[in-house]
Structure formats: structure tokens, C-alpha cells
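File shown: work06.cif (mmCIF, C-alpha atoms, pLDDT in the B column; chains and numbers go by the auth columns).
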data_start
loop_
_atom_site.group_PDB
_atom_site.id
_atom_site.type_symbol
_atom_site.label_atom_id
_atom_site.label_comp_id
_atom_site.label_asym_id
_atom_site.label_seq_id
_atom_site.Cartn_x
_atom_site.Cartn_y
_atom_site.Cartn_z
_atom_site.B_iso_or_equiv
_atom_site.auth_seq_id
_atom_site.auth_asym_id
ATOM 1 C CA MET A 1 -13.779 -12.741 11.861 90.00 1 A
ATOM 2 C CA ASN A 2 -15.183 -9.314 12.783 95.00 2 A
ATOM 3 C CA LEU A 3 -12.877 -7.254 10.587 96.00 3 A
ATOM 4 C CA LYS A 4 -15.738 -5.432 8.853 96.00 4 A
ATOM 5 C CA GLU A 5 -17.183 -4.250 12.149 97.00 5 A
ATOM 6 C CA ILE A 6 -13.799 -3.428 13.647 97.00 6 A
ATOM 7 C CA ALA A 7 -12.753 -1.351 10.629 98.00 7 A
ATOM 8 C CA ALA A 8 -16.011 0.616 10.797 97.00 8 A
ATOM 9 C CA HIS A 9 -15.267 1.887 14.324 97.00 9 A
ATOM 10 C CA PRO A 10 -15.236 5.699 14.207 96.00 10 A
ATOM 11 C CA ARG A 11 -12.190 6.126 16.496 97.00 11 A
ATOM 12 C CA LEU A 12 -9.763 4.221 14.255 97.00 12 A
ATOM 13 C CA ASP A 13 -7.175 5.788 11.968 98.00 13 A
ATOM 14 C CA ALA A 14 -5.377 2.584 11.004 98.00 14 A
ATOM 15 C CA ILE A 15 -5.307 -1.173 11.353 98.00 15 A
ATOM 16 C CA ILE A 16 -2.063 -2.999 11.958 97.00 16 A
ATOM 17 C CA PHE A 17 -2.029 -6.570 10.749 96.00 17 A
ATOM 18 C CA GLY A 18 -0.190 -8.840 13.184 95.00 18 A
ATOM 19 C CA GLY A 19 1.091 -11.605 10.953 96.00 19 A
ATOM 20 C CA GLU A 20 2.731 -13.604 13.715 96.00 20 A
ATOM 21 C CA ASP A 21 -0.395 -13.368 15.867 96.00 21 A
ATOM 22 C CA PHE A 22 -2.594 -14.436 12.967 97.00 22 A
ATOM 23 C CA ALA A 23 -0.366 -17.381 12.039 97.00 23 A
ATOM 24 C CA ALA A 24 -0.310 -18.566 15.646 97.00 24 A
ATOM 25 C CA SER A 25 -4.093 -18.289 15.953 97.00 25 A
ATOM 26 C CA ILE A 26 -4.757 -20.438 12.876 97.00 26 A
ATOM 27 C CA GLY A 27 -1.825 -22.824 13.333 98.00 27 A
ATOM 28 C CA ALA A 28 -0.009 -21.700 10.189 98.00 28 A
ATOM 29 C CA VAL A 29 3.704 -22.160 9.710 97.00 29 A
ATOM 30 C CA ARG A 30 5.287 -18.779 8.964 95.00 30 A
ATOM 31 C CA THR A 31 7.417 -18.689 5.857 94.00 31 A
ATOM 32 C CA LYS A 32 9.682 -16.061 4.367 90.00 32 A
ATOM 33 C CA GLU A 33 7.233 -15.692 1.446 91.00 33 A
ATOM 34 C CA ALA A 34 4.303 -15.148 3.871 94.00 34 A
ATOM 35 C CA VAL A 35 1.885 -16.846 1.474 96.00 35 A
ATOM 36 C CA GLU A 36 0.053 -18.273 4.490 97.00 36 A
ATOM 37 C CA LEU A 37 -0.927 -14.686 5.382 97.00 37 A
ATOM 38 C CA LEU A 38 -1.980 -13.454 1.951 97.00 38 A
ATOM 39 C CA TYR A 39 -5.742 -13.811 2.324 97.00 39 A
ATOM 40 C CA ALA A 40 -5.790 -12.064 5.699 97.00 40 A
ATOM 41 C CA ARG A 41 -3.401 -9.319 4.546 98.00 41 A
ATOM 42 C CA GLN A 42 -5.647 -8.583 1.593 98.00 42 A
ATOM 43 C CA ALA A 43 -8.739 -8.606 3.813 98.00 43 A
ATOM 44 C CA VAL A 44 -7.146 -5.953 6.033 98.00 44 A
ATOM 45 C CA ILE A 45 -6.313 -3.791 3.002 98.00 45 A
ATOM 46 C CA VAL A 46 -9.867 -4.025 1.680 98.00 46 A
ATOM 47 C CA ALA A 47 -11.433 -3.258 5.070 98.00 47 A
ATOM 48 C CA CYS A 48 -9.125 -0.277 5.509 98.00 48 A
ATOM 49 C CA ALA A 49 -9.847 1.057 2.028 97.00 49 A
ATOM 50 C CA ALA A 50 -13.589 0.731 2.615 97.00 50 A
ATOM 51 C CA ASN A 51 -13.297 2.771 5.818 98.00 51 A
ATOM 52 C CA ASP A 52 -10.610 5.286 4.822 96.00 52 A
ATOM 53 C CA LEU A 53 -8.089 3.801 7.246 98.00 53 A
ATOM 54 C CA GLN A 54 -4.366 3.275 6.919 97.00 54 A
ATOM 55 C CA ALA A 55 -3.404 -0.378 6.443 98.00 55 A
ATOM 56 C CA ILE A 56 -0.137 -1.191 8.222 98.00 56 A
ATOM 57 C CA ASP A 57 1.630 -4.389 7.141 98.00 57 A
ATOM 58 C CA ILE A 58 3.301 -7.217 9.049 96.00 58 A
ATOM 59 C CA VAL A 59 6.549 -6.994 10.936 95.00 59 A
ATOM 60 C CA THR A 60 9.648 -8.758 9.620 93.00 60 A
ATOM 61 C CA ILE A 61 10.967 -10.529 12.699 91.00 61 A
ATOM 62 C CA ASP A 62 14.321 -11.446 11.157 92.00 62 A
ATOM 63 C CA TYR A 63 15.481 -7.865 11.602 91.00 63 A
ATOM 64 C CA LYS A 64 19.004 -8.612 10.364 94.00 64 A
ATOM 65 C CA ASP A 65 17.803 -9.871 6.961 95.00 65 A
ATOM 66 C CA ILE A 66 17.486 -6.491 5.245 96.00 66 A
ATOM 67 C CA GLU A 67 17.080 -7.993 1.763 96.00 67 A
ATOM 68 C CA SER A 68 14.036 -10.027 2.859 94.00 68 A
ATOM 69 C CA LEU A 69 12.671 -6.935 4.560 96.00 69 A
ATOM 70 C CA ARG A 70 13.072 -4.945 1.343 96.00 70 A
ATOM 71 C CA ILE A 71 11.318 -7.618 -0.730 96.00 71 A
ATOM 72 C CA GLU A 72 8.508 -8.020 1.802 95.00 72 A
ATOM 73 C CA SER A 73 8.065 -4.241 2.087 97.00 73 A
ATOM 74 C CA GLU A 74 7.887 -3.742 -1.669 97.00 74 A
ATOM 75 C CA PHE A 75 5.329 -6.542 -1.930 97.00 75 A
ATOM 76 C CA GLY A 76 3.249 -5.044 0.876 97.00 76 A
ATOM 77 C CA ALA A 77 3.303 -1.648 -0.835 96.00 77 A
ATOM 78 C CA ARG A 78 2.181 -3.257 -4.112 95.00 78 A
ATOM 79 C CA LEU A 79 -0.680 -4.995 -2.269 96.00 79 A
ATOM 80 C CA GLY A 80 -1.905 -1.632 -0.984 95.00 80 A
ATOM 81 C CA PHE A 81 -0.478 -1.278 2.510 97.00 81 A
ATOM 82 C CA VAL A 82 0.629 2.259 3.339 96.00 82 A
ATOM 83 C CA GLY A 83 3.298 1.329 5.869 96.00 83 A
ATOM 84 C CA LYS A 84 4.911 -1.475 7.793 97.00 84 A
ATOM 85 C CA GLN A 85 5.696 -2.293 11.395 96.00 85 A
ATOM 86 C CA ILE A 86 9.366 -2.293 12.283 96.00 86 A
ATOM 87 C CA ILE A 87 11.258 -3.556 15.314 96.00 87 A
ATOM 88 C CA HIS A 88 14.810 -2.331 14.692 96.00 88 A
ATOM 89 C CA PRO A 89 16.335 0.971 13.554 96.00 89 A
ATOM 90 C CA ALA A 90 18.050 -0.791 10.621 95.00 90 A
ATOM 91 C CA GLN A 91 14.590 -1.436 9.184 97.00 91 A
ATOM 92 C CA VAL A 92 13.622 2.241 8.860 97.00 92 A
ATOM 93 C CA GLU A 93 15.352 3.114 5.581 96.00 93 A
ATOM 94 C CA PRO A 94 14.322 0.032 3.548 97.00 94 A
ATOM 95 C CA VAL A 95 10.709 0.357 4.689 97.00 95 A
ATOM 96 C CA GLN A 96 10.554 4.092 3.993 96.00 96 A
ATOM 97 C CA THR A 97 12.044 3.512 0.553 96.00 97 A
ATOM 98 C CA ALA A 98 9.530 0.771 -0.273 97.00 98 A
ATOM 99 C CA PHE A 99 6.516 2.825 0.796 96.00 99 A
ATOM 100 C CA THR A 100 7.632 6.124 -0.739 96.00 100 A
ATOM 101 C CA PRO A 101 6.737 6.518 -4.409 95.00 101 A
ATOM 102 C CA SER A 102 9.761 6.675 -6.697 95.00 102 A
ATOM 103 C CA GLY A 103 10.546 9.804 -8.666 95.00 103 A
ATOM 104 C CA GLU A 104 9.496 7.973 -11.802 96.00 104 A
ATOM 105 C CA SER A 105 6.105 6.979 -10.396 95.00 105 A
ATOM 106 C CA VAL A 106 5.514 10.518 -9.103 97.00 106 A
ATOM 107 C CA ALA A 107 6.331 11.994 -12.524 96.00 107 A
ATOM 108 C CA TYR A 108 3.970 9.558 -14.255 97.00 108 A
ATOM 109 C CA ALA A 109 1.209 10.242 -11.723 97.00 109 A
ATOM 110 C CA LYS A 110 1.579 13.969 -12.351 96.00 110 A
ATOM 111 C CA ARG A 111 1.272 13.383 -16.101 96.00 111 A
ATOM 112 C CA ILE A 112 -1.926 11.408 -15.584 97.00 112 A
ATOM 113 C CA VAL A 113 -3.447 14.123 -13.404 96.00 113 A
ATOM 114 C CA GLU A 114 -2.393 16.862 -15.826 93.00 114 A
ATOM 115 C CA THR A 115 -3.698 15.107 -18.935 95.00 115 A
ATOM 116 C CA PHE A 116 -6.893 13.711 -17.441 95.00 116 A
ATOM 117 C CA GLU A 117 -8.775 16.996 -17.140 88.00 117 A
ATOM 118 C CA ALA A 118 -7.865 18.079 -20.684 89.00 118 A
ATOM 119 C CA ASN A 119 -9.118 14.786 -22.076 92.00 119 A
ATOM 120 C CA GLN A 120 -12.319 15.014 -20.041 89.00 120 A
ATOM 121 C CA LYS A 121 -12.990 18.454 -21.546 90.00 121 A
ATOM 122 C CA GLU A 122 -12.729 16.837 -24.974 90.00 122 A
ATOM 123 C CA GLY A 123 -15.434 14.397 -23.934 90.00 123 A
ATOM 124 C CA LYS A 124 -13.132 11.391 -23.564 87.00 124 A
ATOM 125 C CA GLY A 125 -14.019 8.967 -20.795 84.00 125 A
ATOM 126 C CA ALA A 126 -10.731 7.205 -21.391 93.00 126 A
ATOM 127 C CA TYR A 127 -7.645 8.131 -23.382 95.00 127 A
ATOM 128 C CA SER A 128 -4.204 6.828 -24.240 94.00 128 A
ATOM 129 C CA LEU A 129 -1.008 7.939 -22.516 95.00 129 A
ATOM 130 C CA ASP A 130 2.238 6.255 -23.501 93.00 130 A
ATOM 131 C CA GLY A 131 0.292 3.397 -25.063 94.00 131 A
ATOM 132 C CA LYS A 132 -1.758 2.743 -21.919 95.00 132 A
ATOM 133 C CA MET A 133 -5.439 3.344 -21.362 96.00 133 A
ATOM 134 C CA ILE A 134 -6.124 5.978 -18.717 96.00 134 A
ATOM 135 C CA ASP A 135 -9.523 6.312 -17.060 94.00 135 A
ATOM 136 C CA MET A 136 -11.005 7.275 -13.683 94.00 136 A
ATOM 137 C CA PRO A 137 -9.538 4.376 -11.632 95.00 137 A
ATOM 138 C CA LEU A 138 -6.057 5.201 -12.912 96.00 138 A
ATOM 139 C CA LEU A 139 -6.578 8.871 -12.076 96.00 139 A
ATOM 140 C CA LYS A 140 -7.580 7.938 -8.533 96.00 140 A
ATOM 141 C CA ASN A 141 -4.503 5.745 -8.204 95.00 141 A
ATOM 142 C CA ALA A 142 -2.291 8.562 -9.530 97.00 142 A
ATOM 143 C CA GLN A 143 -3.792 10.937 -6.970 96.00 143 A
ATOM 144 C CA LYS A 144 -2.984 8.452 -4.199 94.00 144 A
ATOM 145 C CA VAL A 145 0.609 8.207 -5.431 95.00 145 A
ATOM 146 C CA LEU A 146 0.886 11.988 -5.241 96.00 146 A
ATOM 147 C CA GLU A 147 -0.663 12.049 -1.752 94.00 147 A
ATOM 148 C CA ARG A 148 1.861 9.449 -0.520 92.00 148 A
ATOM 149 C CA ALA A 149 4.711 11.379 -2.132 95.00 149 A
ATOM 150 C CA LYS A 150 3.586 14.601 -0.466 95.00 150 A
ATOM 151 C CA ALA A 151 3.305 12.869 2.912 90.00 151 A
ATOM 152 C CA ALA A 152 6.883 11.639 2.435 90.00 152 A
ATOM 153 C CA GLY A 153 8.087 15.148 1.606 90.00 153 A
ATOM 154 C CA LYS A 154 8.481 14.464 -2.127 84.00 154 A
ATOM 155 C CA ASN A 155 6.683 16.950 -4.302 69.00 155 A
#
Would you put the structure from the file into C-alpha cells?
Amino acid sequence: MNLKEIAAHPRLDAIIFGGEDFAASIGAVRTKEAVELLYARQAVIVACAANDLQAIDIVTIDYKDIESLRIESEFGARLGFVGKQIIHPAQVEPVQTAFTPSGESVAYAKRIVETFEANQKEGKGAYSLDGKMIDMPLLKNAQKVLERAKAAGKN
């Protein structure tokens, strides 16, 4: 209930969301889809974004179910988490893959960054790239993709 205050603490670098702890505290039944955690997961992401913290997603306790781990990791990355807790060495590769931008997304992000400045010089607040509107929020997202790629050693 005090997430806003907790996330504002100056000594934090990240917040790890404990899905099992949360479910137990509210009496939720944990499911493979984790829909019972969605509101709280999103709240953690928002609080972290507002305070420039890393949001670390839930652990997958069925450490032998690599396919579920992959699906859950990809979903967490799409939500905005920057990483995921793991409890077994077999979980490292699928989690790293899910949270590392693909070559395709890196290439597209680079195109956005490269074309944005040129379009701004022409006085365009927004422009079209591959049939999609590009504006400041998409530039910021592209820059985050490139930051994550760099952190993962992909340039």
C-alpha cells in the first residue's frame, strides 16, 4: 500500500516484485497466467518508472517448465519490467533472451533515432516511418531499446 513512498527512497536502484508473497498476502490463487498479479505488477512498473528504478519481475517457481518461463518472461518484458528473478541456472538463457532486445527491434530503434532529428529540423513534430507515426514518445521508447541492447552487449 506504500509503494509510492517506498519507490521514492533515495537508496533504491530497483524493486523486485514478489509474486508469491503478494498472492499469499491477499489470498489469491496463483495461476500459470498470473492474471491475479497483473494490477500489482503494473503498479510496480509505474512506481519504478516514476523514480528511475529498475523493475524486476516475478519468479517462475516451476523451474523445469522452460516454455512457461519463456512466455512469462516475454510478457513481463512487454509490460515494462527490465529483468526477472530466477531460481535455477536453466532459467538464465530464456530470461536473458526475453529481456534483450532482438536484432530487429534494435535496428528499428536505430532508424527512429536517426530519422527523428532530421524530421525535427524540418519542423515536423511527428512523421511517418514505414507507415507508422513517429513522435517523441516513440523516440524515447527507441532510446530505451538501445540502452537495454547496449547493457546486454548488443550494439
Build an axis-aligned box that encloses every atom of region 94-113 of chain A listed in the file, pad it by 8 Å on each side, and report its centre and edge lengths in Å to one decimal, as JSON.
{"center_x": 5.4, "center_y": 7.1, "center_z": -5.7, "size_x": 33.8, "size_y": 30.1, "size_z": 36.8}
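Note that CA of Ala50 (chain A) and CA of Ile112 (chain A) are 24.1 Å apart.
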Would you mind listing what lies within 12 Å of Gln120 (chain A) as a short mmCIF file (atom, residue, chain, number, x, y, z; two decimals) with C-alpha atoms, in the frame of the given file, with all atoms listed in the file counted and same-chain residues fewer than 5 positions away left out?
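The new file around-v7.cif reads:
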data_model
loop_
_atom_site.label_atom_id
_atom_site.label_comp_id
_atom_site.auth_asym_id
_atom_site.auth_seq_id
_atom_site.Cartn_x
_atom_site.Cartn_y
_atom_site.Cartn_z
CA ILE A 112 -1.93 11.41 -15.58
CA VAL A 113 -3.45 14.12 -13.40
CA GLU A 114 -2.39 16.86 -15.83
CA THR A 115 -3.70 15.11 -18.93
CA GLY A 125 -14.02 8.97 -20.80
CA ALA A 126 -10.73 7.20 -21.39
CA TYR A 127 -7.64 8.13 -23.38
CA ILE A 134 -6.12 5.98 -18.72
CA ASP A 135 -9.52 6.31 -17.06
CA MET A 136 -11.00 7.28 -13.68
CA LEU A 139 -6.58 8.87 -12.08
#
- Query: In Å, with one decimal, what is the gap from CA of Ala152 (chain A) to CA of Lys84 (chain A)?
  - Reply: 14.3 Å
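Between CA of Val92 (chain A) and CA of Ser73 (chain A) the interatomic distance comes to 10.9 Å.
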- Give me the result of the PyMOL selection byres ((chain A and resi 72) around 10) on this file, residue by residue, as a PyMOL selection string. chain A and resi 32-34+57-60+66-71+73-78+84+95+98
Every residue with an atom at most 10 Å from (0.8, -11.5, 12.1) (file coordinates; all atoms listed in the file) is what I'm after, so could you write them as a PDB file with C-alpha atoms, in the coordinates of the input?
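Listed below is the output, part.pdb:
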ATOM      1  CA  ILE A  16      -2.063  -2.999  11.958  1.00 97.00           C
ATOM      2  CA  PHE A  17      -2.029  -6.570  10.749  1.00 96.00           C
ATOM      3  CA  GLY A  18      -0.190  -8.840  13.184  1.00 95.00           C
ATOM      4  CA  GLY A  19       1.091 -11.605  10.953  1.00 96.00           C
ATOM      5  CA  GLU A  20       2.731 -13.604  13.715  1.00 96.00           C
ATOM      6  CA  ASP A  21      -0.395 -13.368  15.867  1.00 96.00           C
ATOM      7  CA  PHE A  22      -2.594 -14.436  12.967  1.00 97.00           C
ATOM      8  CA  ALA A  23      -0.366 -17.381  12.039  1.00 97.00           C
ATOM      9  CA  ALA A  24      -0.310 -18.566  15.646  1.00 97.00           C
ATOM     10  CA  SER A  25      -4.093 -18.289  15.953  1.00 97.00           C
ATOM     11  CA  ARG A  30       5.287 -18.779   8.964  1.00 95.00           C
ATOM     12  CA  ALA A  34       4.303 -15.148   3.871  1.00 94.00           C
ATOM     13  CA  LEU A  37      -0.927 -14.686   5.382  1.00 97.00           C
ATOM     14  CA  ALA A  40      -5.790 -12.064   5.699  1.00 97.00           C
ATOM     15  CA  ARG A  41      -3.401  -9.319   4.546  1.00 98.00           C
ATOM     16  CA  ASP A  57       1.630  -4.389   7.141  1.00 98.00           C
ATOM     17  CA  ILE A  58       3.301  -7.217   9.049  1.00 96.00           C
ATOM     18  CA  VAL A  59       6.549  -6.994  10.936  1.00 95.00           C
ATOM     19  CA  THR A  60       9.648  -8.758   9.620  1.00 93.00           C
TER      20      THR A  60
END
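For region 3-13 of chain A, the list of residues within 7 Å, based on all atoms listed in the file and with local chain neighbours fewer than 4 positions off taken out, reads Ala47, Cys48, Asn51, Leu53 and Gln54 of chain A.
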What residues come out when you apply the PyMOL selection byres ((chain A and resi 105) around 12) to this file, written as a PDB file with C-alpha atoms, in the frame of the given file?
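Output saved as expr.pdb:
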ATOM      1  CA  PHE A  99       6.516   2.825   0.796  1.00 96.00           C
ATOM      2  CA  THR A 100       7.632   6.124  -0.739  1.00 96.00           C
ATOM      3  CA  PRO A 101       6.737   6.518  -4.409  1.00 95.00           C
ATOM      4  CA  SER A 102       9.761   6.675  -6.697  1.00 95.00           C
ATOM      5  CA  GLY A 103      10.546   9.804  -8.666  1.00 95.00           C
ATOM      6  CA  GLU A 104       9.496   7.973 -11.802  1.00 96.00           C
ATOM      7  CA  VAL A 106       5.514  10.518  -9.103  1.00 97.00           C
ATOM      8  CA  ALA A 107       6.331  11.994 -12.524  1.00 96.00           C
ATOM      9  CA  TYR A 108       3.970   9.558 -14.255  1.00 97.00           C
ATOM     10  CA  ALA A 109       1.209  10.242 -11.723  1.00 97.00           C
ATOM     11  CA  LYS A 110       1.579  13.969 -12.351  1.00 96.00           C
ATOM     12  CA  ARG A 111       1.272  13.383 -16.101  1.00 96.00           C
ATOM     13  CA  ILE A 112      -1.926  11.408 -15.584  1.00 97.00           C
ATOM     14  CA  ASN A 141      -4.503   5.745  -8.204  1.00 95.00           C
ATOM     15  CA  ALA A 142      -2.291   8.562  -9.530  1.00 97.00           C
ATOM     16  CA  GLN A 143      -3.792  10.937  -6.970  1.00 96.00           C
ATOM     17  CA  LYS A 144      -2.984   8.452  -4.199  1.00 94.00           C
ATOM     18  CA  VAL A 145       0.609   8.207  -5.431  1.00 95.00           C
ATOM     19  CA  LEU A 146       0.886  11.988  -5.241  1.00 96.00           C
ATOM     20  CA  ARG A 148       1.861   9.449  -0.520  1.00 92.00           C
ATOM     21  CA  ALA A 149       4.711  11.379  -2.132  1.00 95.00           C
ATOM     22  CA  LYS A 154       8.481  14.464  -2.127  1.00 84.00           C
ATOM     23  CA  ASN A 155       6.683  16.950  -4.302  1.00 69.00           C
TER      24      ASN A 155
END
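Between Lys140 (chain A) and the candidates A:Ser128, A:Ile26, A:Phe116, A:Gln91, the tightest atom-to-atom separation, counting only C-alpha atoms, involves A:Phe116.
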